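Next up, model.txt (compact mmCIF, C-alpha atoms):
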```
# COMPACT_ATOMS: atom_id res chain seq x y z
CA MET A 33 -105.31 78.27 41.28
CA SER A 34 -105.91 79.74 44.71
CA GLN A 35 -103.32 82.53 44.47
CA ASN A 36 -103.61 85.68 42.39
CA VAL A 37 -100.14 85.53 40.85
CA ASN A 38 -99.22 87.65 37.86
CA PHE A 39 -95.39 87.51 37.92
CA GLY A 40 -93.33 84.89 36.13
CA MET A 41 -89.62 84.26 35.69
CA VAL A 42 -88.09 82.55 32.68
CA GLY A 43 -84.48 81.58 33.37
CA LEU A 44 -83.53 80.20 36.75
CA GLY A 45 -79.78 80.50 36.74
CA LYS A 46 -78.13 82.04 39.78
CA MET A 47 -79.50 85.54 39.19
CA GLY A 48 -82.96 84.52 37.97
CA ALA A 49 -83.46 82.14 40.88
CA ASN A 50 -82.23 84.68 43.41
CA ILE A 51 -84.53 87.36 41.98
CA VAL A 52 -87.44 84.98 42.59
CA ARG A 53 -86.19 84.34 46.14
CA ARG A 54 -85.79 88.06 46.88
CA LEU A 55 -89.28 88.79 45.57
CA SER A 56 -90.64 85.98 47.76
CA ARG A 57 -89.04 87.60 50.80
CA HIS A 58 -91.10 90.69 49.94
CA GLY A 59 -94.36 88.79 49.56
CA ILE A 60 -94.35 88.45 45.77
CA THR A 61 -94.97 84.89 44.55
CA SER A 62 -93.57 83.90 41.18
CA ALA A 63 -94.44 81.24 38.65
CA VAL A 64 -91.18 79.88 37.27
CA TYR A 65 -89.91 78.18 34.12
CA ASP A 66 -86.50 76.98 33.00
CA LEU A 67 -85.22 74.39 30.56
CA SER A 68 -83.86 72.63 33.65
CA ALA A 69 -86.71 70.82 35.40
CA ASP A 70 -84.45 70.52 38.47
CA ALA A 71 -84.18 74.31 38.74
CA VAL A 72 -87.98 74.61 38.57
CA THR A 73 -88.46 71.85 41.16
CA SER A 74 -85.95 73.47 43.51
CA LEU A 75 -87.73 76.83 43.50
CA ALA A 76 -91.14 75.18 43.77
CA ALA A 77 -89.90 73.57 47.00
CA GLU A 78 -89.29 77.14 48.24
CA GLY A 79 -92.81 78.31 47.39
CA ALA A 80 -92.67 79.31 43.74
CA ILE A 81 -95.24 77.93 41.30
CA ALA A 82 -93.70 75.32 39.02
CA THR A 83 -94.49 75.35 35.31
CA SER A 84 -93.57 72.89 32.59
CA ASP A 85 -93.22 75.26 29.63
CA MET A 86 -93.99 78.83 28.52
CA ALA A 87 -97.62 78.06 27.73
CA ASP A 88 -98.09 76.60 31.21
CA LEU A 89 -96.36 79.64 32.73
CA ALA A 90 -98.76 82.03 30.98
CA ALA A 91 -101.76 79.85 31.89
CA LYS A 92 -100.87 79.90 35.60
CA LEU A 93 -100.72 83.69 35.78
CA THR A 94 -103.58 86.16 36.06
CA ALA A 95 -103.75 89.07 33.64
CA PRO A 96 -102.13 91.42 33.24
CA ARG A 97 -99.08 89.16 33.36
CA THR A 98 -95.49 90.26 33.88
CA ILE A 99 -92.79 87.92 32.64
CA TRP A 100 -89.14 88.58 33.51
CA ILE A 101 -86.73 87.02 31.00
CA MET A 102 -83.33 86.24 32.59
CA VAL A 103 -81.47 84.10 30.08
CA PRO A 104 -78.07 84.31 28.34
CA ALA A 105 -77.80 87.10 25.77
CA GLY A 106 -77.51 84.65 22.88
CA VAL A 107 -81.04 83.33 23.44
CA THR A 108 -82.76 86.45 24.77
CA ASP A 109 -84.45 87.48 21.52
CA SER A 110 -85.73 83.97 20.71
CA THR A 111 -86.95 83.53 24.30
CA ILE A 112 -88.83 86.84 24.19
CA ALA A 113 -90.42 85.87 20.87
CA ALA A 114 -91.41 82.43 22.15
CA MET A 115 -92.90 83.82 25.38
CA ALA A 116 -94.84 86.49 23.49
CA GLU A 117 -96.72 83.73 21.64
CA HIS A 118 -98.48 82.92 24.93
CA LEU A 119 -99.25 86.46 26.09
CA GLU A 120 -102.04 88.93 25.43
CA LYS A 121 -102.51 92.63 24.95
CA GLY A 122 -101.65 94.45 28.20
CA ASP A 123 -99.13 91.86 29.41
CA THR A 124 -95.50 92.88 29.96
CA ILE A 125 -92.16 91.29 29.18
CA ILE A 126 -89.12 92.46 31.12
CA ASP A 127 -85.71 91.79 29.61
CA GLY A 128 -83.57 91.58 32.74
CA GLY A 129 -80.30 90.79 31.02
CA ASN A 130 -77.77 93.14 29.57
CA SER A 131 -78.91 92.91 25.98
CA TYR A 132 -77.64 95.07 23.17
CA TYR A 133 -79.83 98.18 23.14
CA LYS A 134 -80.65 97.90 19.43
CA ASN A 135 -82.12 94.45 20.12
CA ASP A 136 -84.21 95.97 22.90
CA LEU A 137 -85.57 98.56 20.50
CA LYS A 138 -86.41 95.82 18.00
CA ASN A 139 -88.10 93.66 20.67
CA ALA A 140 -90.07 96.64 21.99
CA ALA A 141 -91.38 97.38 18.49
CA LEU A 142 -92.30 93.75 17.77
CA LEU A 143 -94.12 93.39 21.09
CA ALA A 144 -95.90 96.73 20.66
CA GLU A 145 -97.47 95.34 17.46
CA LYS A 146 -99.14 92.71 19.67
CA GLY A 147 -100.06 95.19 22.42
CA ILE A 148 -97.50 93.64 24.78
CA ASN A 149 -95.44 96.03 26.89
CA PHE A 150 -91.66 95.80 26.94
CA VAL A 151 -89.42 97.00 29.77
CA ASP A 152 -85.65 96.77 29.61
CA VAL A 153 -84.05 96.27 33.03
CA GLY A 154 -80.30 95.93 33.02
CA THR A 155 -79.70 94.08 36.29
CA SER A 156 -76.52 94.21 38.33
CA GLY A 157 -75.83 92.43 41.58
CA GLY A 158 -74.84 88.94 40.60
CA VAL A 159 -75.12 86.20 43.18
CA TYR A 160 -74.96 88.81 45.97
CA GLY A 161 -78.20 90.43 44.84
CA LEU A 162 -80.29 88.10 46.99
CA GLU A 163 -78.92 89.65 50.17
CA ARG A 164 -77.77 93.09 49.01
CA GLY A 165 -80.34 93.86 46.36
CA TYR A 166 -79.91 94.61 42.68
CA SER A 167 -79.04 97.81 40.87
CA LEU A 168 -81.66 98.20 38.17
CA MET A 169 -81.29 100.29 35.04
CA ILE A 170 -84.91 100.56 33.95
CA GLY A 171 -86.19 101.72 30.58
CA GLY A 172 -89.71 101.64 29.23
CA ASP A 173 -93.05 103.39 29.11
CA LYS A 174 -93.40 105.48 32.27
CA LYS A 175 -96.87 104.18 33.20
CA VAL A 176 -95.82 100.57 32.69
CA VAL A 177 -92.64 101.06 34.73
CA GLU A 178 -94.63 102.73 37.52
CA SER A 179 -97.06 99.79 37.58
CA LEU A 180 -94.09 97.48 38.20
CA ASP A 181 -92.71 99.58 41.06
CA PRO A 182 -93.51 96.96 43.77
CA ILE A 183 -91.26 94.50 41.95
CA PHE A 184 -88.46 97.01 41.49
CA GLN A 185 -88.70 98.21 45.09
CA ALA A 186 -88.44 94.62 46.35
CA LEU A 187 -85.34 94.01 44.24
CA ALA A 188 -83.49 97.27 44.89
CA PRO A 189 -80.99 97.52 47.75
CA GLY A 190 -82.92 100.35 49.40
CA ILE A 191 -81.89 103.86 50.16
CA GLU A 192 -79.98 102.85 53.28
CA ALA A 193 -77.48 100.86 51.17
CA ALA A 194 -75.38 103.92 50.31
CA GLU A 195 -74.86 107.45 51.50
CA ARG A 196 -76.94 110.06 49.73
CA THR A 197 -75.37 112.21 47.07
CA PRO A 198 -73.80 115.27 48.77
CA GLY A 199 -76.23 118.17 48.65
CA LYS A 200 -79.24 115.95 47.93
CA THR A 201 -82.04 116.78 50.37
CA GLY A 202 -85.74 116.20 50.74
CA THR A 203 -87.71 113.08 49.99
CA PRO A 204 -85.64 110.53 48.08
CA ASP A 205 -86.71 109.95 44.50
CA GLN A 206 -86.99 106.62 42.69
CA ALA A 207 -83.49 106.89 41.24
CA GLU A 208 -82.00 106.81 44.74
CA TYR A 209 -83.55 103.47 45.73
CA GLY A 210 -81.52 101.23 43.49
```

Could you spell out this file's structure in structure tokens?
Amino acid sequence: MSQNVNFGMVGLGKMGANIVRRLSRHGITSAVYDLSADAVTSLAAEGAIATSDMADLAAKLTAPRTIWIMVPAGVTDSTIAAMAEHLEKGDTIIDGGNSYYKNDLKNAALLAEKGINFVDVGTSGGVYGLERGYSLMIGGDKKVVESLDPIFQALAPGIEAAERTPGKTGTPDQAEYG
């Protein structure tokens, strides 16, 4: 593969697909997988890297890999477990849905046993996120989260999207970007 791509998206519904599109607008290429081959083909036509299954997704990414899981809550845990089978120590799984926090704690512990990082990112913005950006509620190891900052910055609306909190001065902090 000629590109050095280390970001993948599993789940190409309206939000997952638009996250990939927004990242692309910021110069971040994604490898993509979905149960719907049509969804994969559609995003590949826009510049994403098509994959046929989770093993192919992992194989097309350079380490350390980051895989964003954006699937319905009912299949989040099984999708995370299935994706983890194809990852290595130092890779990261992001749960971008609004999963029950106790499941996130369980997934984080299971992945930690394999040396895989887990970041929980509650994502708000719906179908308008492509244009407006997404509000991101990020939880995880501080160093891992900081390493993913280019992704989060590309997805966030930006500081100009809302007036600053009254009395807030100085250089904006990370919490003000999304």

Please, what distance in Å, to one decimal, runs between atom CA of A:Ala69 and atom CA of A:Val52?
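Spanning atom CA of A:Ala69 to atom CA of A:Val52 is a straight-line distance of 15.9 Å.
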
Closest to A:Ile60 among A:Gly45, A:Gly122, A:Pro182, A:Pro198, using only C-alpha atoms?
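Among the listed residues, A:Pro182 lies closest to A:Ile60.
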
Kindly indicate which residue among A:Gly129, A:Leu119, A:Ala71, A:Thr108 lies nearest to A:Gly158, using all atoms listed in the file for the distances.
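The answer is A:Gly129, which sits nearest to A:Gly158.
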
Anything within 12 Å of (-82.1, 96.6, 44.0): list those residues as a PyMOL selection string, counting all atoms listed in the file and sticking to the file's coordinates.
chain A and resi 50-51+54-55+153-158+160-170+181-194+206-210

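Here atom CA of A:Asp70 stands at a distance of 12.2 Å from atom CA of A:Gly43.
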
Using only C-alpha atoms, the best pick from A:Ile125, A:Ile99, A:Leu180, A:Val64 as closest to A:Thr83 would be A:Val64

When distances are computed from all atoms listed in the file, which of A:Leu89, A:Val103, A:Ala77, A:Ala95 shows the smallest separation from A:Leu44?
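When distances to A:Leu44 are compared using all atoms listed in the file, the smallest one comes from A:Val103.
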
Which residue gives the smallest distance to A:Tyr65 among A:Thr111, A:Asn130, A:Thr201, A:Asn36, with only C-alpha atoms counted?
A:Thr111

Near A:Asp85, counting only C-alpha atoms, which residues have an atom at most 12 Å away, once you skip same-chain residues fewer than 5 positions from it, shown as number ranges by chain?
A: 40-43, 63-69, 72, 90-92, 111, 114-115, 118

Please check which residues have atoms at most 6 Å from (-92.1, 82.4, 48.6) in the file's coordinates, counting all atoms listed in the file, and write them as a CSV table (one decimal) with C-alpha atoms, keeping the file's coordinate frame.
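Ended up saving to part27.csv:
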```
chain,number,residue,atom,x,y,z
A,56,SER,CA,-90.6,86.0,47.8
A,61,THR,CA,-95.0,84.9,44.6
A,78,GLU,CA,-89.3,77.1,48.2
A,79,GLY,CA,-92.8,78.3,47.4
A,80,ALA,CA,-92.7,79.3,43.7
```

Separation of atom CA of A:Ser62 from atom CA of A:Phe39, in Å and rounded to one decimal
5.2 Å

My list of candidates is A:Val177, A:Val107, A:Val159, A:Ala140. Which is closest to A:Arg53 when distances are computed with only C-alpha atoms?
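Answer, going by the shortest atom-to-atom distance: A:Val159.
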
Since the input has fewer atoms than a full residue there, write stretch 48-75 of chain A out with N, CA and C atoms, as an mmCIF file, in the coordinates of the input.
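Printed below is result_29.cif as written:
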```cif
data_model
loop_
_atom_site.group_PDB
_atom_site.id
_atom_site.type_symbol
_atom_site.label_atom_id
_atom_site.label_comp_id
_atom_site.auth_asym_id
_atom_site.auth_seq_id
_atom_site.Cartn_x
_atom_site.Cartn_y
_atom_site.Cartn_z
ATOM 1 N N GLY A 48 -81.514 84.679 38.107
ATOM 2 C CA GLY A 48 -82.960 84.520 37.970
ATOM 3 C C GLY A 48 -83.577 83.877 39.199
ATOM 4 N N ALA A 49 -82.950 82.817 39.691
ATOM 5 C CA ALA A 49 -83.460 82.140 40.880
ATOM 6 C C ALA A 49 -83.416 83.044 42.098
ATOM 7 N N ASN A 50 -82.329 83.797 42.242
ATOM 8 C CA ASN A 50 -82.230 84.680 43.410
ATOM 9 C C ASN A 50 -83.182 85.865 43.320
ATOM 10 N N ILE A 51 -83.513 86.317 42.131
ATOM 11 C CA ILE A 51 -84.530 87.360 41.980
ATOM 12 C C ILE A 51 -85.864 86.821 42.488
ATOM 13 N N VAL A 52 -86.201 85.599 42.113
ATOM 14 C CA VAL A 52 -87.440 84.980 42.590
ATOM 15 C C VAL A 52 -87.426 84.870 44.114
ATOM 16 N N ARG A 53 -86.300 84.457 44.673
ATOM 17 C CA ARG A 53 -86.190 84.340 46.140
ATOM 18 C C ARG A 53 -86.336 85.696 46.824
ATOM 19 N N ARG A 54 -85.696 86.717 46.272
ATOM 20 C CA ARG A 54 -85.790 88.060 46.880
ATOM 21 C C ARG A 54 -87.226 88.581 46.815
ATOM 22 N N LEU A 55 -87.886 88.370 45.685
ATOM 23 C CA LEU A 55 -89.280 88.790 45.570
ATOM 24 C C LEU A 55 -90.139 88.055 46.603
ATOM 25 N N SER A 56 -89.895 86.769 46.779
ATOM 26 C CA SER A 56 -90.640 85.980 47.760
ATOM 27 C C SER A 56 -90.490 86.559 49.168
ATOM 28 N N ARG A 57 -89.288 86.999 49.489
ATOM 29 C CA ARG A 57 -89.040 87.600 50.800
ATOM 30 C C ARG A 57 -89.858 88.877 50.997
ATOM 31 N N HIS A 58 -90.285 89.469 49.887
ATOM 32 C CA HIS A 58 -91.100 90.690 49.940
ATOM 33 C C HIS A 58 -92.567 90.397 49.620
ATOM 34 N N GLY A 59 -92.955 89.141 49.714
ATOM 35 C CA GLY A 59 -94.360 88.790 49.560
ATOM 36 C C GLY A 59 -94.851 88.650 48.136
ATOM 37 N N ILE A 60 -93.956 88.584 47.172
ATOM 38 C CA ILE A 60 -94.350 88.450 45.770
ATOM 39 C C ILE A 60 -94.056 87.015 45.331
ATOM 40 N N THR A 61 -95.104 86.272 45.015
ATOM 41 C CA THR A 61 -94.970 84.890 44.550
ATOM 42 C C THR A 61 -94.761 84.884 43.047
ATOM 43 N N SER A 62 -93.896 84.008 42.596
ATOM 44 C CA SER A 62 -93.570 83.900 41.180
ATOM 45 C C SER A 62 -93.921 82.520 40.641
ATOM 46 N N ALA A 63 -94.389 82.488 39.407
ATOM 47 C CA ALA A 63 -94.440 81.240 38.650
ATOM 48 C C ALA A 63 -93.119 81.177 37.905
ATOM 49 N N VAL A 64 -92.528 79.978 37.812
ATOM 50 C CA VAL A 64 -91.180 79.880 37.270
ATOM 51 C C VAL A 64 -91.074 78.833 36.177
ATOM 52 N N TYR A 65 -90.195 79.126 35.192
ATOM 53 C CA TYR A 65 -89.910 78.180 34.120
ATOM 54 C C TYR A 65 -88.437 78.257 33.760
ATOM 55 N N ASP A 66 -87.876 77.094 33.460
ATOM 56 C CA ASP A 66 -86.500 76.980 33.000
ATOM 57 C C ASP A 66 -86.408 75.695 32.186
ATOM 58 N N LEU A 67 -85.445 75.624 31.299
ATOM 59 C CA LEU A 67 -85.220 74.390 30.560
ATOM 60 C C LEU A 67 -84.820 73.254 31.504
ATOM 61 N N SER A 68 -84.236 73.620 32.650
ATOM 62 C CA SER A 68 -83.860 72.630 33.650
ATOM 63 C C SER A 68 -85.032 72.369 34.594
ATOM 64 N N ALA A 69 -85.600 71.181 34.503
ATOM 65 C CA ALA A 69 -86.710 70.820 35.400
ATOM 66 C C ALA A 69 -86.243 70.830 36.856
ATOM 67 N N ASP A 70 -84.974 70.506 37.101
ATOM 68 C CA ASP A 70 -84.450 70.520 38.470
ATOM 69 C C ASP A 70 -84.475 71.929 39.068
ATOM 70 N N ALA A 71 -84.150 72.923 38.256
ATOM 71 C CA ALA A 71 -84.180 74.310 38.740
ATOM 72 C C ALA A 71 -85.609 74.709 39.104
ATOM 73 N N VAL A 72 -86.568 74.310 38.289
ATOM 74 C CA VAL A 72 -87.980 74.610 38.570
ATOM 75 C C VAL A 72 -88.412 73.906 39.852
ATOM 76 N N THR A 73 -88.084 72.633 39.983
ATOM 77 C CA THR A 73 -88.460 71.850 41.160
ATOM 78 C C THR A 73 -87.863 72.449 42.434
ATOM 79 N N SER A 74 -86.622 72.883 42.357
ATOM 80 C CA SER A 74 -85.950 73.470 43.510
ATOM 81 C C SER A 74 -86.666 74.726 43.996
ATOM 82 N N LEU A 75 -87.031 75.608 43.092
ATOM 83 C CA LEU A 75 -87.730 76.830 43.500
ATOM 84 C C LEU A 75 -89.163 76.555 43.931
#
```
